[in-house]
Structures are given as C-alpha cells and as structure tokens.
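Novice: Just dropping this structure here.
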Amino acid sequence: MTTATPSPSPETVLVAVAWPYANNHMHLGHVAGAYLPADIYARYHRMRGDRVLMVSGSDSHGTPVTVRAEEEGSTPEAVFQRYHQSFLATFEGMGISFDLFTSTDTENHRQVTQEIFLRLLERGYLYEAEQEQLFDAKMGRFLPDRYVEGTCPKCGFEGARGDQCDNCGSTLDAVELKNPRSRLSDSTPELRRTTHFFLKLSAFTEALQQWVETKEHWRLNVRNFTLGMLREGLKDRAITRDLTWGVPIPLEGEQYQSKRIYVWFEAVIGYLSASKEWAASPLNPSGNAEDWRAWWEGDTAKTVYFIGKDNIPFHTVIWPAMLMGFGGLNLPYDVPANQYLTMSGAKASKSRGGVVWMPDYLERYDPDPLRYLLTASAPETSDADFSWTEFLRRNNDELVARWGNLVNRVLTITRRNYDGRVPDAPATLAPESRELLERVDAAFASVGGDYDAVQLRRALNGAMEVASAANQYLDQRAPWQAVKTDRDHAAETLHVALNVISGLVTLLNPVLPFTCQQAWKLLGHEGDVQAAGWRRTPVLAGTVLPEAVPLFKKLDDAIVAEEEERLVR
RNA sequence: GGCAGGGUAGCUCAGUGGUAGAGCAGCGGACUCAUAAGCCGUUGGUCGGGGGUUCAAAUCCCCCCCCUGCUACCA
C-alpha cells in the first residue's frame, strides 16, 4: 500500500454529511458512521487553511416522522423540531463542527428542490406513470412495502414484511403476501391505482458507469457495490408519494395537490440547498450569497460525502444521476461510507435495542474519550464492535496512560525544576533528540495524508506511535535523575519533549479538539490550536508554563457493569 | 437466491508475494518524573477449510464453510 500524501493547499472542500431522520435521538452508530469522521476530516482541512464548508440538516419528512407523530398524537413538525434540537445539542456536546446544520423544512430547501424537479422534468428525465400500491383505508395512506406484514407465500412464515421474509430470506413484493395487514392500523390494505412522477435512472447507467470507473480512490466496497448495481442496470423510480407532509410538486393541477416529492429524491438535494442557505446567511463572513458556487461549480472543489453503508446507492448512483441531469454541478469526489458499529455483537440500530443514545452518553462522560474510541476502532473496512470494556480500556490505557500522562509528566518535571519556565536547549542536540523532533515533524505529512484519505484509524495510530516514542525517549534520558547531576542534559530532554508534545497536540487536534485545546494552553501557547496551522508550533525557551492539570479522567471499572445494565434495559 | 465486505495471537484489529505484527490481557525485570502511569524483556498464532500457481502465499487463482450488510416504494 502506498503512503498517502496530502494534496496541495489551499483546497476548496465540501464536507457533506448524511441527513439524519428526525424521528429519534442520535446514537453511537450515527456518530461513528458519519458525523465524527466528517468532523475530523473538516477540522484537518481547516487547520491546513483550506476553504471548508461542512453542512447537513435534519430530514424532517419521511414516513417514520409521520408515524412517530401519529403514535404520539402530535404533528410531524413537532416531532421533527424536538429531535432537530436534540441533534444540535449532540453536535455541540461532541464538538461536531458544522458550518450549517439546517433541515429540509425550510423555504430555501423547497425552492431548490422544486428548481431541480422542474429542470429534470424539462429535460425529460422525469415522467408520469400509473402504478398500483397498497392503500391503508383506515389511515388514508399508501403504504411502503415495509409497512405491510403478512404470511410469506414461499415459506408460510407469518411475520413476513412486504419487501422481504426474514424467515426464509426471499425478496418479496408486498402484493404477494397472504393475509396482508398494515403495520400502521392492522387493517387489511387494498390495491389502488395512483399516478406518480418517475426519475429516469435508466438513462444514466452508462454515464454513471464511466464516471465510477475513474474513481480508483474510492473505498473498495463502495466502488464494487456501485459497479455491481450499475452492471445489473438501473430501474426508474417513483419520486412522488400520496402524502401531505413534504415538498409540494411545483406544477398547477388538482391532481398534484395531495402529492409530495418523496424523501429519497429530496433529502440528497439538501446538500445543495444547505450550501446555498449558508452562503446567503450571516454565517457567511463574506456576505456574498453566490459563494456556494465555489464548492459546487469549481472544477477543483472536492465534495466528500460522509454516510453509512446503507446510504451508498443514494450517493453514488441516484444523486450523481440527478446532478448529471441537472447539469453544471460537481459530482461527488469521494463517498467514504462506513460500515456499521455493532453493540457487543448486535447492530447498533434503533429498532433492536441495545443502543447508546448520545444525550445519555454526554450526560455522563466527556466527548474526547468517545471521539478517540470511535476513531481508533472506526468501522472503516468492516463492521466494528463497541463495548464499554473497550471504551474503558482505550480511555485508561491509551488516552490517560500513554498520551495524557506524557503531557502531565513532562509539564510537572519541567515546572518543578526550571522555575515554571521552558528551559533552553543546546545549539547542538543529541542524536536521539534530533531524531524525535524529526519524527514528529515528518508525521505532519504522513498523518495528514491519512486524514486526507479518510483513513482516520491509521492517522490516529500514526500520531499515537509518536507519543509512544516520546515516552521511550523520556525513559532513555531520565530527566528526573539528570536534573540532579546534569541540569543541561535534563533541560535538553524537557525542551525537546515539550516541543514534541506541541506537535502532537496539533496532530491529534482533529480527533481530540477539546483536550488538545487544553493542552495547547498548558504549553503556554496563545489562541486556538485549530488556527495554528498544520505544523508543529515551537515551544520557546523562557515560556511560562501554567500549572498542569490532567487532560483525561481515569474511569472506574465499575462503569462497565453499570452501562451494560443500562443497555439491557 | 443475487451482490458486497469480512473470517490473522485469549480480546480488538494492522498487514495484499519474500523469514507472521500492534495494543490490551498473561509472565519476568529494572526504574520512580507522572492520573500505580511509563520503560525493557517474554509466553502465545498450522493467518476459516481444501486444492492450485510460484524459487517463495495471510497476500494471486479455484471450490467449500461461517459472520455482517444490501437487495433499490425505510432512507
């Protein structure tokens, strides 16, 4: 495998993150799969001085939101608003640094969606056709396949869903089910004819194939999965539904009043509408509402989409097809989809329980230990398992013992023996001192390349190895002894160690923004590490060091049992 | 069923042709600045199974087994 090297700066980078369904709180899997990697990637690029725009928003539409509202006797707006606020609190608490986290329930998004709809219609990529769908008369709503249950025609299993039988694995059509019943009302659905707009995906198969062939930097599973879909050929898909909650169809006519543009078509447009919303908002320092074009129209801009693997087709096939049909807008540069985070074996899905909810986590623990764990064992190449045992171990053995303790021990010896100031180093350094400094400086290229390639696990490893090397260096030169016999020798050791730590603080900052900012201050630096640039900021002799405080808390073994108990409930 | 990803030390995982690796756990040791952290040494694997290509395979090819996900009107 070749070592990744960073691309030349400054770049224009759009960090586009999956739009969460606003029908429940966020859990660990969401953060691990999309939000955290996106944030790390964005922070790294900002540190390099690149022009970064990181956007996403709540998906306010879609059946689950409506269903939840009905269960509660509430409205979709109320449900979406509640979870939208919850998402914002999670991002704040975890340090997920969106430039804008909006929602699909905005006038701007409706306009952008309708503009794309009309352009695609005008260009012949949308057409109307009639189809038969199951209708729940009691609820007055057409049913997605998954909202129909019945007896499997192949194996006789009674709990088969409309799209698939969980018992025998057969792929089904909802109309094939025996004794079908609606999951919404338990009534028997009836077949009704209805007219919808279809997206002519079939027209894009070849163009998409040629485009994906060039994406050799994509993750293997993303690329192969996409090519596999294209090989089978694309089918046109209906993009409207008989609903009243969603973006209206921008056409005159009674028949369109009770229909809405469906979420899968509309949600991906959010990346574009959010970019436009940001540019026109006070959040944009330049005040130029046309600034969104830099990310969407410039050939040199990189648009990177952070999603979970279940979202791959929408970002490597459907959205690119829509963009091709619309014309003039950048196609995805990369789609580093993650695999799933499992919970000690079970998929971290909302539907199966055994989930760690972000509001609960943030009530009890700090953000950086979780950011560390989810990066160190990120589901980049295969599903990864989360366990509280692993959380505790990573925190206590790696963050506290290897990294936090390194900072703490060096600051403590230095302050105690050199009058609270950074001691001077000789003009000519010992070979091991030079080597260690060269190593941390070289890490900016290698670790940076890994961040850029979204190989975050590897990037973090690379930085932590330097921390290990610093611990070895300290033991080799034992400044706590030398300080009694050869103060210059100890002074060199501590001066070098402080500088290595300074480099590490910058290298680790994308993953550990909260504690790295603290460490930055402990080194006597001014301002924000985030603004210091992607290089080691020297710690100068004579700098006054503040009193050292531990960066991380050691966690008690008892939390494992406590948290596992909570999971089962 | 089809497609995709994965099966490497007790655990979590790196490693894509050239004498099996890391962290943790276990064992032994020297040190003591530090949140009893750090450092040195060490035990431990027929790299899912079988066959093939090669001077050489965890790494390439074929077959089989197992796990996970997707299979497009949930997104």
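Within each chain, counting starts at residue 1; across the structure tokens, chains are named A, B, ... in the order shown, with ligands numbered 1 upward in that order.
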Find the nearest atom pair between each residue of chain A and chain B for residues within 6 Å, count only C-alpha atoms (C1' of nucleotides), give distances in Å to one decimal, sort rows by chain and ascending number, and present the table as a tab-separated table.
Specialist:
```
residue	atom	partner	partner_atom	distance
A:Pro144	CA	B:C73	C1'	5.1
A:Phe225	CA	B:A4	C1'	5.5
A:Ala401	CA	B:A37	C1'	5.0
A:Arg409	CA	B:A34	C1'	4.1
A:Ile413	CA	B:C33	C1'	5.6
A:Asp475	CA	B:C39	C1'	5.8
A:Trp480	CA	B:C33	C1'	5.1
```
Novice: Show me, as a PDB file with N, CA and C atoms, in the first residue's frame, the residues that have an atom within 12 Å of A:Ala425 when counting only C-alpha atoms (C1' of nucleotides), minus same-chain residues fewer than 5 positions from it.
Specialist:
```pdb
ATOM      1  N   ALA A 430      21.457  16.241  20.955  1.00  0.00           N
ATOM      2  CA  ALA A 430      21.863  14.830  20.898  1.00  0.00           C
ATOM      3  C   ALA A 430      21.122  14.153  19.760  1.00  0.00           C
ATOM      4  N   SER A 433      17.539  13.254  20.377  1.00  0.00           N
ATOM      5  CA  SER A 433      16.663  14.429  20.438  1.00  0.00           C
ATOM      6  C   SER A 433      16.278  14.872  19.027  1.00  0.00           C
ATOM      7  N   ARG A 434      17.297  14.953  18.180  1.00  0.00           N
ATOM      8  CA  ARG A 434      17.038  15.351  16.785  1.00  0.00           C
ATOM      9  C   ARG A 434      16.090  14.388  16.105  1.00  0.00           C
ATOM     10  N   ARG A 487      22.120  19.324  34.789  1.00  0.00           N
ATOM     11  CA  ARG A 487      20.914  20.104  34.507  1.00  0.00           C
ATOM     12  C   ARG A 487      20.754  20.447  33.031  1.00  0.00           C
ATOM     13  N   ASP A 488      21.841  20.606  32.314  1.00  0.00           N
ATOM     14  CA  ASP A 488      21.744  20.912  30.882  1.00  0.00           C
ATOM     15  C   ASP A 488      21.179  19.723  30.097  1.00  0.00           C
ATOM     16  N   HIS A 489      21.611  18.550  30.507  1.00  0.00           N
ATOM     17  CA  HIS A 489      21.109  17.329  29.857  1.00  0.00           C
ATOM     18  C   HIS A 489      19.599  17.228  30.061  1.00  0.00           C
ATOM     19  N   ALA A 490      19.153  17.427  31.277  1.00  0.00           N
ATOM     20  CA  ALA A 490      17.719  17.368  31.570  1.00  0.00           C
ATOM     21  C   ALA A 490      16.973  18.484  30.846  1.00  0.00           C
ATOM     22  N   ALA A 491      17.590  19.652  30.790  1.00  0.00           N
ATOM     23  CA  ALA A 491      16.952  20.784  30.123  1.00  0.00           C
ATOM     24  C   ALA A 491      16.703  20.472  28.649  1.00  0.00           C
ATOM     25  N   GLU A 492      17.679  19.877  28.010  1.00  0.00           N
ATOM     26  CA  GLU A 492      17.510  19.495  26.599  1.00  0.00           C
ATOM     27  C   GLU A 492      16.349  18.510  26.452  1.00  0.00           C
ATOM     28  N   THR A 493      16.341  17.496  27.308  1.00  0.00           N
ATOM     29  CA  THR A 493      15.282  16.480  27.240  1.00  0.00           C
ATOM     30  C   THR A 493      13.896  17.113  27.335  1.00  0.00           C
ATOM     31  N   LEU A 494      13.737  17.981  28.326  1.00  0.00           N
ATOM     32  CA  LEU A 494      12.414  18.559  28.564  1.00  0.00           C
ATOM     33  C   LEU A 494      12.043  19.555  27.469  1.00  0.00           C
ATOM     34  N   HIS A 495      13.006  20.316  27.028  1.00  0.00           N
ATOM     35  CA  HIS A 495      12.754  21.257  25.940  1.00  0.00           C
ATOM     36  C   HIS A 495      12.264  20.502  24.694  1.00  0.00           C
ATOM     37  N   VAL A 496      12.963  19.438  24.373  1.00  0.00           N
ATOM     38  CA  VAL A 496      12.588  18.634  23.203  1.00  0.00           C
ATOM     39  C   VAL A 496      11.230  17.980  23.422  1.00  0.00           C
ATOM     40  N   ALA A 497      11.033  17.403  24.610  1.00  0.00           N
ATOM     41  CA  ALA A 497       9.766  16.710  24.882  1.00  0.00           C
ATOM     42  C   ALA A 497       8.591  17.677  24.762  1.00  0.00           C
ATOM     43  N   LEU A 498       8.739  18.890  25.275  1.00  0.00           N
ATOM     44  CA  LEU A 498       7.661  19.871  25.184  1.00  0.00           C
ATOM     45  C   LEU A 498       7.353  20.207  23.725  1.00  0.00           C
ATOM     46  N   ASN A 499       8.392  20.267  22.930  1.00  0.00           N
ATOM     47  CA  ASN A 499       8.175  20.562  21.514  1.00  0.00           C
ATOM     48  C   ASN A 499       7.506  19.405  20.783  1.00  0.00           C
ATOM     49  N   VAL A 539       7.739  25.457  20.979  1.00  0.00           N
ATOM     50  CA  VAL A 539       7.632  25.914  22.363  1.00  0.00           C
ATOM     51  C   VAL A 539       8.967  26.573  22.683  1.00  0.00           C
ATOM     52  N   LEU A 540       8.940  27.869  22.929  1.00  0.00           N
ATOM     53  CA  LEU A 540      10.188  28.617  23.062  1.00  0.00           C
ATOM     54  C   LEU A 540      10.699  28.635  24.502  1.00  0.00           C
ATOM     55  N   ALA A 541      12.032  28.607  24.623  1.00  0.00           N
ATOM     56  CA  ALA A 541      12.659  28.692  25.934  1.00  0.00           C
ATOM     57  C   ALA A 541      12.201  29.964  26.632  1.00  0.00           C
ATOM     58  N   GLY A 542      11.952  29.846  27.929  1.00  0.00           N
ATOM     59  CA  GLY A 542      11.546  31.019  28.703  1.00  0.00           C
ATOM     60  C   GLY A 542      10.041  31.148  28.852  1.00  0.00           C
TER      61      GLY A 542
END
```
Novice: How far is it from atom CA of A:Ala470 to atom C1' of B:U43, in Å with one decimal?
Specialist: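 Distance reported for this atom pair: 27.2 Å.
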Novice: Using DSSP secondary structure from the backbone, list all helix (DSSP H, G or I) positions within stretch 146-274 of chain A, as an NGL selection string.
Specialist: :A and (146-147 or 174-176 or 201-213 or 220-232 or 254-256 or 263-267 or 270-274)
Novice: If we count only C-alpha atoms (C1' of nucleotides) and set the cut-off at 9 Å, which residues sit around A:Ala160, ignoring sequence neighbours fewer than 5 positions away in its own chain? Please answer as a count of residues only.
Specialist: 10
Novice: Just how far from atom CA of A:Val511 is atom CA of A:Leu456, in Å to one decimal?
Specialist: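 Going from atom CA of A:Leu456 over to atom CA of A:Val511, I get 8.7 Å.
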Novice: Would you mind listing what lies within 9 Å of A:Ala337 as a PyMOL selection string, with only C-alpha atoms (C1' of nucleotides) counted and same-chain residues fewer than 6 positions away left out?
Specialist: chain A and resi 33-34+219+221-222+305-312+380
Novice: Would you compute the distance between atom C1' of B:A20 and atom C1' of B:G45? Give it in Å to one decimal.
Specialist: 8.1 Å
